[in-house]
Number of protein chains: 2
Amino acid sequence: MPTIKDIARIAGISVTTVSRALNHYSDVSAKTKKRVFDIAKEIGYVPNRSAQNLVKRKNNTLAIILSGLERKGGKDNIVYQLLSGMYSYAESVNYEVVLFTTSSAHQKEKTYIQFCKEHNIGGAVLNGIRIDDPYFHELVNSDLPCVLIDVLAEGGNTSSVTIDNIEAAKDAVAYLITQNHRTIGMINGRKEADVSIQRYKGYIKALKQHHITIDEDKIIYADFDEVKAYEKTKSLLRRYPEITALFCASDMMAIGAMRAIKDINLRIPQDISIVGFDNIPLSEYTTPPLTTIDQDFYKRGAEAAKQLLKMIQQEKVEKNIFLEHKLLARHSVHML
Amino acid sequence: MPTIKDIARIAGISVTTVSRALNHYSDVSAKTKKRVFDIAKEIGYVPNRSAQNLVKRKNNTLAIILSGLERKGGKDNIVYQLLSGMYSYAESVNYEVVLFTTSSAHQKEKTYIQFCKEHNIGGAVLNGIRIDDPYFHELVNSDLPCVLIDVLAEGGNTSSVTIDNIEAAKDAVAYLITQNHRTIGMINGRKEADVSIQRYKGYIKALKQHHITIDEDKIIYADFDEVKAYEKTKSLLRRYPEITALFCASDMMAIGAMRAIKDINLRIPQDISIVGFDNIPLSEYTTPPLTTIDQDFYKRGAEAAKQLLKMIQQEKVEKNIFLEHKLLARHSVHML
DNA sequence: TACACTTACCGAAACGTTTTGGATAATGCG
DNA sequence: CGCATTATCCAAAACGTTTCGGTAAGTGTA
């Protein structure tokens with residue numbers, strides 16, 4: 001592999017000058033500069049990133065730390081879109097993205113910080129990390145810039161990009177109420193998850209605003225899991241046949257719920273109306289197409305990368321960025 | 001950031017010994033070794049990957065070069081699954097994965113080889129690369145180990161992991177024939193794509209085996225695109241109302257076709273039977289659920305990584321690995 | 001006791017860059 | 001002409017690690 005030394009030797013100049021030529025410094029004549037580039041091209045010179053990073057003590061690399069890159073995890077496409085958005089922004093500013101998963105971290109007993117420092121990484125975007133993960137706190141409390149997806153930023157050098165989950169959930173439930181539903185169950189995610197808490201609040205808020213009594217028993221937690229949602233919905237609907245509508249904290253759970261509804265011989269939306277959350281690609285193809293809360297994960301990823309870059313460059317940033325959401329009325333809700 | 005020098009200083013030993021202790025060499029006493037690790041932990045030492053890579057002249061990194069990581073590209077989940085499988089294998093053998101996209105390559109005028117060499121990458125997995133991409137040939141003809149997804153390997157230091165696309169397509173079409181279909185259209189992908197060619201061959205083969213006359217006009221090319229498939233299917237079915245079944249070279253196109261069928265007021269499967277290809281998550285949720293050819297992209301990714309690693313370690317490998325496929329009969333095919 | 005081994009350690013070079021702090025020669029200006 | 005300025009270039013140090021080729025002390029053996 002040719003190096004700048006080779007170029008220097010061939011051109012009969014110093015490595016300093018070669019380096020400066022390659023980096024477009026102004027103190028090298030146009031002639032030598034051209035010479036250097038010609039030789040570089042001819043001998044197939046490619047800069048060695050490791051050497052560059054070593055001396056520059058930085059990397060132009062962003063990390064994305066994901067809770068799951070698992071076999072069956074990608075059905076909702078969220079991680080993909082996040083990644084895609086993040087990647088596209090990073091690329092536009094000449095940064096690279098490297099992945100790290102929580103599972104591999106714990107398996108190798110390597111904390112997120114260790115990973116980032118080892119790779120000289122400028123900052124990290126975190127998605128789907130459990131707030132009871134000790135590595136998570138270590139990272140967030142460090143000085144490394146972090147941007148969190150979907151959980152509000154607290155201390156440290158962190159910020160977040162989310163949507164207003166309370167408002168979004170409220171919109172969803174309010175919509176059901178305008179369609180004259182009064183007995184609305186909720187399929188929530190994990191009790192500990194930030195988004196679950198927010199969406200719960202939104203659900204409550206909507207009911208309160210319309211003076212509907214709240215029944216905590218009609219709220220179930222299905223771990224954002226399709227199969228669990230299927231099972232728990234079945235028993236929920238059996239227990240409370242008066243329920244006419246369901247608000248689900250994720251589309252995947254909504255899909256599980258839809259199957260449950262059909263399996264106990266109820267019709268969607270005539271017997272049970274249902275609204276999801278996320279607007280994943282799948283939601284458009286269910287029968288009937290799912291009414292849901294649209295949020296743009298691609299944009300979220302891009303925005304997170306943008307935010308992270310600002311933080312790395314020590315610019316002032318808002319602590320929490322809220323992106324838009326909107327209710328997407330398809331055909332899974334029926335007016336009573 | 002603490003370095004091994006700091007450890008050496010604190011422990012009162014040489015950096016050589018620290019390095020050798022950290023790397024579990026046998027010529028350092030148990031006592032000093034423990035000392036080194038204790039100090040490392042205490043001062044929060046993290047090895048600098050750039051420095052390591054520089055001196056070791058390698059990286060423990062695999063590249064995956066993708067044609068698309070685009071906003072709307074991920075609907076079929078294939079890239080995600082590939083990535084996920086590849087990542088999981090790489091992780092298990094302590095390798096890392098870095099992404100590179102063809103679009104960013106061309107935009108930055110940086111060839112795939114350049115990218116790989118710059119990053120000291122051991123080898124690359126390529127997915128969805130067009131065979132008329134000049135960078136592709138440059139890479140494949142280089143000495144860098146490459147494994148291709150879905151296109152047979154030719155010269156150079158390359159191998160491939162695919163399924164037997166001819167056989168798979170034949171299975172799909174033969175299945176339609178056993179259900180007494182005799183006028184079967186085909187929605188194929190891109191004319192130039194290797195898989196399209198193979199699947200075309202399989203389609204022909206099945207028809208010939210059952211002595212059905214072939215009508216090239218009933219084969220259309222929709223670029224693996226849902227919308228194009230929608231439009232082209234519409235006109236195909238209008239032109240040839242005698243068609244009773246469609247074989248699609250991808251599920252995404254099948255989904256577009258299904259919408260077209262419904263939009264011209266035909267029923268699936270009673271009027272038109274349809275079989276797809278890929279078994280993407282979506283295919284399970286369409287109405288009716290899509291009969292398709294199942295292939296395991298997660299496994300494909302893992303297998304590709306495995307293969308690549310062998311090549312990097314100079315082990316002998318088979319040129320082309322064929323993974324299993326199977327016909328998944330759901331409900332989009334009707335017996336005549 | 002003399003010798004060969006083994007064990008535990010170390011100095012210095014190397015990896016390929018960038019950067020610092022000049023040096024040298026040419027040019028402009030009064 | 002002398003001085004300051006500018007345009008080019010360069011030597012050497014630095015980044016953090018691994019590795020090569022040792023050395024010195026301790027151990028076992030004849």
# chains A, B, ... in the order shown; residues from 1 in each chain; ligands from 1
call {"tool": "interface_residues", "arguments": {"of": "chain C", "to": "chain A", "cutoff": "10 Å", "atoms": "only C-alpha atoms (C1' of nucleotides)", "output": "VMD selection string"}}
result
chain C and resid 15 to 19
call {"tool": "write_last_selection", "arguments": {"atoms": "C-alpha atoms (C1' of nucleotides)", "output": "compact mmCIF listing (two decimals), in the first residue's frame"}}
result
# COMPACT_ATOMS: atom_id res chain seq x y z
C1' DC C 15 3.02 2.06 11.63
C1' DG C 16 1.27 6.71 8.36
C1' DT C 17 -0.22 10.77 9.18
C1' DT C 18 -0.46 15.99 10.71
C1' DT C 19 1.46 19.97 12.73
call {"tool": "closest_atom_pairs", "arguments": {"of": "chain B", "to": "chain A", "cutoff": "8 Å", "atoms": "only C-alpha atoms", "output": "JSON lines"}}
result
{"residue": "B:Val46", "atom": "CA", "partner": "A:Glu118", "partner_atom": "CA", "distance": 5.8}
{"residue": "B:Pro47", "atom": "CA", "partner": "A:Glu118", "partner_atom": "CA", "distance": 5.6}
{"residue": "B:Asn48", "atom": "CA", "partner": "A:Glu118", "partner_atom": "CA", "distance": 5.1}
{"residue": "B:Arg49", "atom": "CA", "partner": "A:Glu118", "partner_atom": "CA", "distance": 5.5}
{"residue": "B:Ser50", "atom": "CA", "partner": "A:Ser50", "partner_atom": "CA", "distance": 4.6}
{"residue": "B:Ala51", "atom": "CA", "partner": "A:Leu54", "partner_atom": "CA", "distance": 5.8}
{"residue": "B:Asn53", "atom": "CA", "partner": "A:Ser50", "partner_atom": "CA", "distance": 6.2}
{"residue": "B:Leu54", "atom": "CA", "partner": "A:Ser50", "partner_atom": "CA", "distance": 5.4}
{"residue": "B:Leu69", "atom": "CA", "partner": "A:Ser84", "partner_atom": "CA", "distance": 5.6}
{"residue": "B:Glu70", "atom": "CA", "partner": "A:Ser84", "partner_atom": "CA", "distance": 6.1}
{"residue": "B:Arg71", "atom": "CA", "partner": "A:Ser84", "partner_atom": "CA", "distance": 6.3}
{"residue": "B:Gly74", "atom": "CA", "partner": "A:Tyr80", "partner_atom": "CA", "distance": 6.7}
{"residue": "B:Lys75", "atom": "CA", "partner": "A:Pro281", "partner_atom": "CA", "distance": 6.4}
{"residue": "B:Asn77", "atom": "CA", "partner": "A:Asn77", "partner_atom": "CA", "distance": 6.9}
{"residue": "B:Tyr80", "atom": "CA", "partner": "A:Tyr80", "partner_atom": "CA", "distance": 6.3}
{"residue": "B:Gln81", "atom": "CA", "partner": "A:Arg71", "partner_atom": "CA", "distance": 6.5}
{"residue": "B:Ser84", "atom": "CA", "partner": "A:Leu69", "partner_atom": "CA", "distance": 5.5}
{"residue": "B:Gly85", "atom": "CA", "partner": "A:Arg71", "partner_atom": "CA", "distance": 7.0}
{"residue": "B:Glu91", "atom": "CA", "partner": "A:Ser104", "partner_atom": "CA", "distance": 7.1}
{"residue": "B:Val97", "atom": "CA", "partner": "A:Leu99", "partner_atom": "CA", "distance": 7.7}
{"residue": "B:Val98", "atom": "CA", "partner": "A:Val98", "partner_atom": "CA", "distance": 6.3}
{"residue": "B:Leu99", "atom": "CA", "partner": "A:Val97", "partner_atom": "CA", "distance": 7.7}
{"residue": "B:Ser104", "atom": "CA", "partner": "A:Glu91", "partner_atom": "CA", "distance": 7.1}
{"residue": "B:Gln114", "atom": "CA", "partner": "A:Val46", "partner_atom": "CA", "distance": 6.3}
{"residue": "B:Lys117", "atom": "CA", "partner": "A:Val46", "partner_atom": "CA", "distance": 6.7}
{"residue": "B:Glu118", "atom": "CA", "partner": "A:Asn48", "partner_atom": "CA", "distance": 5.1}
{"residue": "B:His119", "atom": "CA", "partner": "A:Arg49", "partner_atom": "CA", "distance": 5.8}
{"residue": "B:Asn120", "atom": "CA", "partner": "A:Asn48", "partner_atom": "CA", "distance": 7.5}
{"residue": "B:Pro281", "atom": "CA", "partner": "A:Lys75", "partner_atom": "CA", "distance": 6.4}
{"residue": "B:Leu282", "atom": "CA", "partner": "A:Leu282", "partner_atom": "CA", "distance": 6.1}
{"residue": "B:Tyr285", "atom": "CA", "partner": "A:Thr286", "partner_atom": "CA", "distance": 6.0}
{"residue": "B:Thr286", "atom": "CA", "partner": "A:Tyr285", "partner_atom": "CA", "distance": 6.0}
{"residue": "B:Thr287", "atom": "CA", "partner": "A:Thr287", "partner_atom": "CA", "distance": 6.8}
{"residue": "B:Tyr298", "atom": "CA", "partner": "A:Arg71", "partner_atom": "CA", "distance": 6.5}
call {"tool": "residues_around", "arguments": {"residues": "Ile243 in chain B", "least_positions_apart": "5", "cutoff": "10 Å", "atoms": "only C-alpha atoms (C1' of nucleotides)", "output": "PyMOL selection string"}}
result
chain B and resi 181-185+218+236-238+271-273
call {"tool": "closest_atom_pairs", "arguments": {"of": "chain D", "to": "chain B", "cutoff": "9 Å", "atoms": "only C-alpha atoms (C1' of nucleotides)", "output": "JSON lines"}}
result
{"residue": "D:DC15", "atom": "C1'", "partner": "B:Ala51", "partner_atom": "CA", "distance": 7.9}
{"residue": "D:DG16", "atom": "C1'", "partner": "B:Ala51", "partner_atom": "CA", "distance": 5.1}
{"residue": "D:DT17", "atom": "C1'", "partner": "B:Ala51", "partner_atom": "CA", "distance": 5.1}
{"residue": "D:DT18", "atom": "C1'", "partner": "B:Val55", "partner_atom": "CA", "distance": 6.3}
{"residue": "D:DT19", "atom": "C1'", "partner": "B:Thr16", "partner_atom": "CA", "distance": 8.9}
call {"tool": "residues_around", "arguments": {"residues": "range 21-24 of chain C", "least_positions_apart": "4", "cutoff": "12 Å", "atoms": "only C-alpha atoms (C1' of nucleotides)", "output": "MDAnalysis selection string"}}
result
chainID D and resid 7:13
call {"tool": "select_by_dssp", "arguments": {"residues": "range 133-208 of chain A", "states": "alpha helix (DSSP H)", "output": "PyMOL selection string"}}
result
chain A and resi 134-140+165-178+194-208
call {"tool": "write_last_selection", "arguments": {"atoms": "N, CA, C and O atoms", "output": "compact mmCIF listing (two decimals), in the first residue's frame"}}
result
# COMPACT_ATOMS: atom_id res chain seq x y z
N PRO A 134 -27.53 0.27 33.35
CA PRO A 134 -26.47 1.03 34.04
C PRO A 134 -25.49 1.69 33.07
O PRO A 134 -25.01 2.79 33.32
N TYR A 135 -25.20 1.01 31.98
CA TYR A 135 -24.30 1.60 30.99
C TYR A 135 -24.86 2.90 30.44
O TYR A 135 -24.13 3.81 30.10
N PHE A 136 -26.17 2.91 30.33
CA PHE A 136 -26.85 4.10 29.82
C PHE A 136 -26.54 5.31 30.69
O PHE A 136 -26.17 6.37 30.21
N HIS A 137 -26.66 5.12 31.97
CA HIS A 137 -26.41 6.25 32.86
C HIS A 137 -24.96 6.68 32.85
O HIS A 137 -24.65 7.86 32.89
N GLU A 138 -24.10 5.70 32.79
CA GLU A 138 -22.68 6.03 32.73
C GLU A 138 -22.41 6.92 31.53
O GLU A 138 -21.68 7.91 31.62
N LEU A 139 -23.02 6.57 30.42
CA LEU A 139 -22.80 7.33 29.19
C LEU A 139 -23.40 8.73 29.29
O LEU A 139 -22.75 9.73 28.98
N VAL A 140 -24.63 8.78 29.73
CA VAL A 140 -25.33 10.05 29.77
C VAL A 140 -24.67 11.02 30.76
O VAL A 140 -24.67 12.22 30.57
N ASN A 165 -45.24 13.19 22.93
CA ASN A 165 -46.01 11.95 23.06
C ASN A 165 -47.33 12.14 23.79
O ASN A 165 -48.31 11.45 23.50
N ILE A 166 -47.33 13.05 24.74
CA ILE A 166 -48.58 13.30 25.46
C ILE A 166 -49.62 13.83 24.48
O ILE A 166 -50.73 13.30 24.37
N GLU A 167 -49.20 14.84 23.75
CA GLU A 167 -50.12 15.48 22.82
C GLU A 167 -50.58 14.49 21.75
O GLU A 167 -51.77 14.44 21.40
N ALA A 168 -49.65 13.71 21.25
CA ALA A 168 -49.98 12.75 20.20
C ALA A 168 -50.99 11.72 20.68
O ALA A 168 -51.98 11.43 20.00
N ALA A 169 -50.76 11.20 21.87
CA ALA A 169 -51.69 10.21 22.42
C ALA A 169 -53.05 10.86 22.66
O ALA A 169 -54.10 10.27 22.39
N LYS A 170 -52.99 12.09 23.14
CA LYS A 170 -54.24 12.80 23.38
C LYS A 170 -55.01 12.96 22.07
O LYS A 170 -56.22 12.73 22.02
N ASP A 171 -54.30 13.32 21.01
CA ASP A 171 -54.94 13.47 19.70
C ASP A 171 -55.63 12.18 19.28
O ASP A 171 -56.75 12.19 18.77
N ALA A 172 -54.92 11.08 19.47
CA ALA A 172 -55.46 9.79 19.04
C ALA A 172 -56.76 9.48 19.80
O ALA A 172 -57.78 9.12 19.20
N VAL A 173 -56.70 9.65 21.10
CA VAL A 173 -57.86 9.30 21.92
C VAL A 173 -58.99 10.30 21.69
O VAL A 173 -60.16 9.93 21.61
N ALA A 174 -58.62 11.57 21.55
CA ALA A 174 -59.64 12.59 21.29
C ALA A 174 -60.38 12.28 19.99
O ALA A 174 -61.60 12.48 19.89
N TYR A 175 -59.64 11.79 19.03
CA TYR A 175 -60.26 11.43 17.76
C TYR A 175 -61.31 10.34 17.97
O TYR A 175 -62.43 10.42 17.45
N LEU A 176 -60.96 9.35 18.77
CA LEU A 176 -61.93 8.29 19.06
C LEU A 176 -63.16 8.87 19.76
O LEU A 176 -64.29 8.46 19.49
N ILE A 177 -62.92 9.82 20.62
CA ILE A 177 -64.03 10.43 21.35
C ILE A 177 -64.94 11.22 20.40
O ILE A 177 -66.17 11.13 20.50
N THR A 178 -64.34 11.94 19.48
CA THR A 178 -65.18 12.67 18.51
C THR A 178 -66.01 11.72 17.66
O THR A 178 -67.04 12.09 17.11
N ASP A 194 -40.25 5.49 28.92
CA ASP A 194 -40.64 6.89 28.91
C ASP A 194 -41.84 7.15 28.01
O ASP A 194 -42.80 7.79 28.41
N VAL A 195 -41.78 6.62 26.79
CA VAL A 195 -42.88 6.88 25.86
C VAL A 195 -44.19 6.31 26.37
O VAL A 195 -45.25 6.89 26.16
N SER A 196 -44.11 5.17 27.04
CA SER A 196 -45.34 4.58 27.57
C SER A 196 -45.97 5.51 28.59
O SER A 196 -47.19 5.70 28.62
N ILE A 197 -45.12 6.04 29.42
CA ILE A 197 -45.62 6.94 30.47
C ILE A 197 -46.28 8.17 29.83
O ILE A 197 -47.37 8.58 30.21
N GLN A 198 -45.59 8.73 28.85
CA GLN A 198 -46.13 9.92 28.18
C GLN A 198 -47.46 9.62 27.49
O GLN A 198 -48.41 10.38 27.58
N ARG A 199 -47.49 8.50 26.81
CA ARG A 199 -48.70 8.19 26.06
C ARG A 199 -49.86 7.85 27.00
O ARG A 199 -51.02 8.13 26.70
N TYR A 200 -49.52 7.28 28.11
CA TYR A 200 -50.53 7.04 29.14
C TYR A 200 -51.13 8.39 29.58
O TYR A 200 -52.34 8.55 29.66
N LYS A 201 -50.22 9.34 29.83
CA LYS A 201 -50.68 10.66 30.25
C LYS A 201 -51.61 11.29 29.22
O LYS A 201 -52.63 11.90 29.57
N GLY A 202 -51.24 11.12 27.96
CA GLY A 202 -52.07 11.70 26.90
C GLY A 202 -53.46 11.06 26.86
O GLY A 202 -54.47 11.75 26.67
N TYR A 203 -53.47 9.78 27.05
CA TYR A 203 -54.73 9.02 27.07
C TYR A 203 -55.63 9.55 28.19
O TYR A 203 -56.81 9.87 27.98
N ILE A 204 -55.02 9.67 29.37
CA ILE A 204 -55.77 10.16 30.53
C ILE A 204 -56.29 11.58 30.28
O ILE A 204 -57.45 11.91 30.55
N LYS A 205 -55.39 12.38 29.73
CA LYS A 205 -55.72 13.78 29.49
C LYS A 205 -56.95 13.93 28.59
O LYS A 205 -57.87 14.71 28.87
N ALA A 206 -56.96 13.13 27.53
CA ALA A 206 -58.09 13.20 26.59
C ALA A 206 -59.38 12.79 27.27
O ALA A 206 -60.42 13.45 27.13
N LEU A 207 -59.30 11.70 28.03
CA LEU A 207 -60.51 11.24 28.70
C LEU A 207 -61.03 12.30 29.68
O LEU A 207 -62.22 12.60 29.74
N LYS A 208 -60.12 12.87 30.44
CA LYS A 208 -60.50 13.88 31.43
C LYS A 208 -61.14 15.08 30.78
O LYS A 208 -62.17 15.59 31.24
call {"tool": "select_by_dssp", "arguments": {"residues": "range 23-227 of chain B", "states": "strand (DSSP E)", "output": "VMD selection string"}}
result
chain B and resid 61 to 66 96 to 101 123 to 127 146 to 149 158 to 163 184 to 188 219 to 221
call {"tool": "write_last_selection", "arguments": {"atoms": "N, CA and C atoms", "output": "mmCIF file, in the first residue's frame"}}
result
data_model
loop_
_atom_site.group_PDB
_atom_site.id
_atom_site.type_symbol
_atom_site.label_atom_id
_atom_site.label_comp_id
_atom_site.auth_asym_id
_atom_site.auth_seq_id
_atom_site.Cartn_x
_atom_site.Cartn_y
_atom_site.Cartn_z
ATOM 1 N N THR B 61 -12.523 -5.412 10.711
ATOM 2 C CA THR B 61 -13.745 -4.762 10.255
ATOM 3 C C THR B 61 -14.153 -5.298 8.892
ATOM 4 N N LEU B 62 -15.443 -5.535 8.785
ATOM 5 C CA LEU B 62 -16.032 -5.950 7.516
ATOM 6 C C LEU B 62 -16.844 -4.784 6.971
ATOM 7 N N ALA B 63 -16.851 -4.641 5.681
ATOM 8 C CA ALA B 63 -17.695 -3.607 5.093
ATOM 9 C C ALA B 63 -18.941 -4.249 4.503
ATOM 10 N N ILE B 64 -20.018 -3.514 4.541
ATOM 11 C CA ILE B 64 -21.151 -3.927 3.730
ATOM 12 C C ILE B 64 -21.490 -2.774 2.817
ATOM 13 N N ILE B 65 -21.451 -3.058 1.546
ATOM 14 C CA ILE B 65 -21.709 -2.028 0.554
ATOM 15 C C ILE B 65 -23.110 -2.247 0.008
ATOM 16 N N LEU B 66 -23.927 -1.244 0.207
ATOM 17 C CA LEU B 66 -25.346 -1.376 -0.117
ATOM 18 C C LEU B 66 -25.734 -0.449 -1.240
ATOM 19 N N GLU B 96 -16.172 -5.919 13.441
ATOM 20 C CA GLU B 96 -17.152 -4.860 13.331
ATOM 21 C C GLU B 96 -17.609 -4.701 11.895
ATOM 22 N N VAL B 97 -18.709 -4.006 11.744
ATOM 23 C CA VAL B 97 -19.277 -3.834 10.411
ATOM 24 C C VAL B 97 -19.403 -2.359 10.113
ATOM 25 N N VAL B 98 -18.960 -1.969 8.955
ATOM 26 C CA VAL B 98 -19.184 -0.584 8.581
ATOM 27 C C VAL B 98 -19.912 -0.510 7.241
ATOM 28 N N LEU B 99 -20.783 0.467 7.165
ATOM 29 C CA LEU B 99 -21.659 0.598 6.002
ATOM 30 C C LEU B 99 -21.100 1.568 4.986
ATOM 31 N N PHE B 100 -21.427 1.308 3.773
ATOM 32 C CA PHE B 100 -21.082 2.245 2.714
ATOM 33 C C PHE B 100 -22.157 2.099 1.655
ATOM 34 N N THR B 101 -22.587 3.208 1.106
ATOM 35 C CA THR B 101 -23.636 3.094 0.100
ATOM 36 C C THR B 101 -23.131 3.541 -1.261
ATOM 37 N N GLY B 123 -12.514 -7.105 4.091
ATOM 38 C CA GLY B 123 -13.306 -7.614 2.979
ATOM 39 C C GLY B 123 -14.684 -7.009 3.000
ATOM 40 N N ALA B 124 -15.424 -7.231 1.927
ATOM 41 C CA ALA B 124 -16.719 -6.573 1.825
ATOM 42 C C ALA B 124 -17.816 -7.519 1.363
ATOM 43 N N VAL B 125 -18.996 -7.273 1.880
ATOM 44 C CA VAL B 125 -20.191 -7.935 1.381
ATOM 45 C C VAL B 125 -20.928 -6.928 0.508
ATOM 46 N N LEU B 126 -21.332 -7.356 -0.657
ATOM 47 C CA LEU B 126 -22.006 -6.430 -1.560
ATOM 48 C C LEU B 126 -23.448 -6.846 -1.772
ATOM 49 N N ASN B 127 -24.327 -5.894 -1.649
ATOM 50 C CA ASN B 127 -25.727 -6.213 -1.893
ATOM 51 C C ASN B 127 -26.395 -5.211 -2.826
ATOM 52 N N CYS B 146 -14.358 -10.440 -1.430
ATOM 53 C CA CYS B 146 -15.721 -9.930 -1.542
ATOM 54 C C CYS B 146 -16.694 -11.085 -1.532
ATOM 55 N N VAL B 147 -17.821 -10.901 -0.881
ATOM 56 C CA VAL B 147 -18.881 -11.865 -1.105
ATOM 57 C C VAL B 147 -20.126 -11.148 -1.579
ATOM 58 N N LEU B 148 -20.664 -11.690 -2.633
ATOM 59 C CA LEU B 148 -21.794 -11.072 -3.298
ATOM 60 C C LEU B 148 -23.091 -11.723 -2.852
ATOM 61 N N ILE B 149 -24.065 -10.878 -2.606
ATOM 62 C CA ILE B 149 -25.381 -11.391 -2.290
ATOM 63 C C ILE B 149 -26.162 -11.451 -3.597
ATOM 64 N N THR B 158 -13.506 -13.481 -5.055
ATOM 65 C CA THR B 158 -14.910 -13.307 -4.678
ATOM 66 C C THR B 158 -15.622 -14.636 -4.510
ATOM 67 N N SER B 159 -16.675 -14.586 -3.737
ATOM 68 C CA SER B 159 -17.580 -15.720 -3.683
ATOM 69 C C SER B 159 -18.981 -15.157 -3.539
ATOM 70 N N SER B 160 -19.960 -16.024 -3.448
ATOM 71 C CA SER B 160 -21.320 -15.510 -3.379
ATOM 72 C C SER B 160 -22.169 -16.349 -2.451
ATOM 73 N N VAL B 161 -23.218 -15.756 -1.951
ATOM 74 C CA VAL B 161 -24.231 -16.547 -1.258
ATOM 75 C C VAL B 161 -25.609 -16.129 -1.775
ATOM 76 N N THR B 162 -26.274 -17.111 -2.337
ATOM 77 C CA THR B 162 -27.570 -16.864 -2.973
ATOM 78 C C THR B 162 -28.507 -18.040 -2.678
ATOM 79 N N ILE B 163 -29.640 -18.003 -3.319
ATOM 80 C CA ILE B 163 -30.443 -19.207 -3.383
ATOM 81 C C ILE B 163 -30.436 -19.638 -4.844
ATOM 82 N N ILE B 184 -50.222 -17.847 -17.244
ATOM 83 C CA ILE B 184 -49.559 -17.251 -16.087
ATOM 84 C C ILE B 184 -48.650 -16.116 -16.536
ATOM 85 N N GLY B 185 -48.957 -14.923 -16.083
ATOM 86 C CA GLY B 185 -48.082 -13.787 -16.383
ATOM 87 C C GLY B 185 -46.943 -13.711 -15.399
ATOM 88 N N MET B 186 -45.931 -12.964 -15.797
ATOM 89 C CA MET B 186 -44.827 -12.765 -14.855
ATOM 90 C C MET B 186 -44.512 -11.283 -14.723
ATOM 91 N N ILE B 187 -44.392 -10.845 -13.456
ATOM 92 C CA ILE B 187 -43.908 -9.484 -13.190
ATOM 93 C C ILE B 187 -42.469 -9.629 -12.747
ATOM 94 N N ASN B 188 -41.573 -9.286 -13.602
ATOM 95 C CA ASN B 188 -40.159 -9.448 -13.288
ATOM 96 C C ASN B 188 -39.554 -8.118 -12.816
ATOM 97 N N ILE B 219 -44.809 -11.218 -20.010
ATOM 98 C CA ILE B 219 -43.753 -10.958 -19.017
ATOM 99 C C ILE B 219 -43.468 -9.465 -19.021
ATOM 100 N N ILE B 220 -43.607 -8.843 -17.859
ATOM 101 C CA ILE B 220 -43.327 -7.410 -17.816
ATOM 102 C C ILE B 220 -42.237 -7.130 -16.783
ATOM 103 N N TYR B 221 -41.589 -6.009 -16.950
ATOM 104 C CA TYR B 221 -40.489 -5.646 -16.052
ATOM 105 C C TYR B 221 -40.860 -4.395 -15.274
#
call {"tool": "residues_around", "arguments": {"residues": "range 27-42 of chain B", "least_positions_apart": "4", "cutoff": "9 Å", "atoms": "only C-alpha atoms (C1' of nucleotides)", "output": "list in words"}}
result
Pro2, Thr3, Ile4, Asp6, Ile7, Ala8, Ile10, Ala11, Ile13, Thr17, Val18, Arg20, Ala21, Leu22 and Val46 of chain B; DT7, DA8 and DC9 of chain C
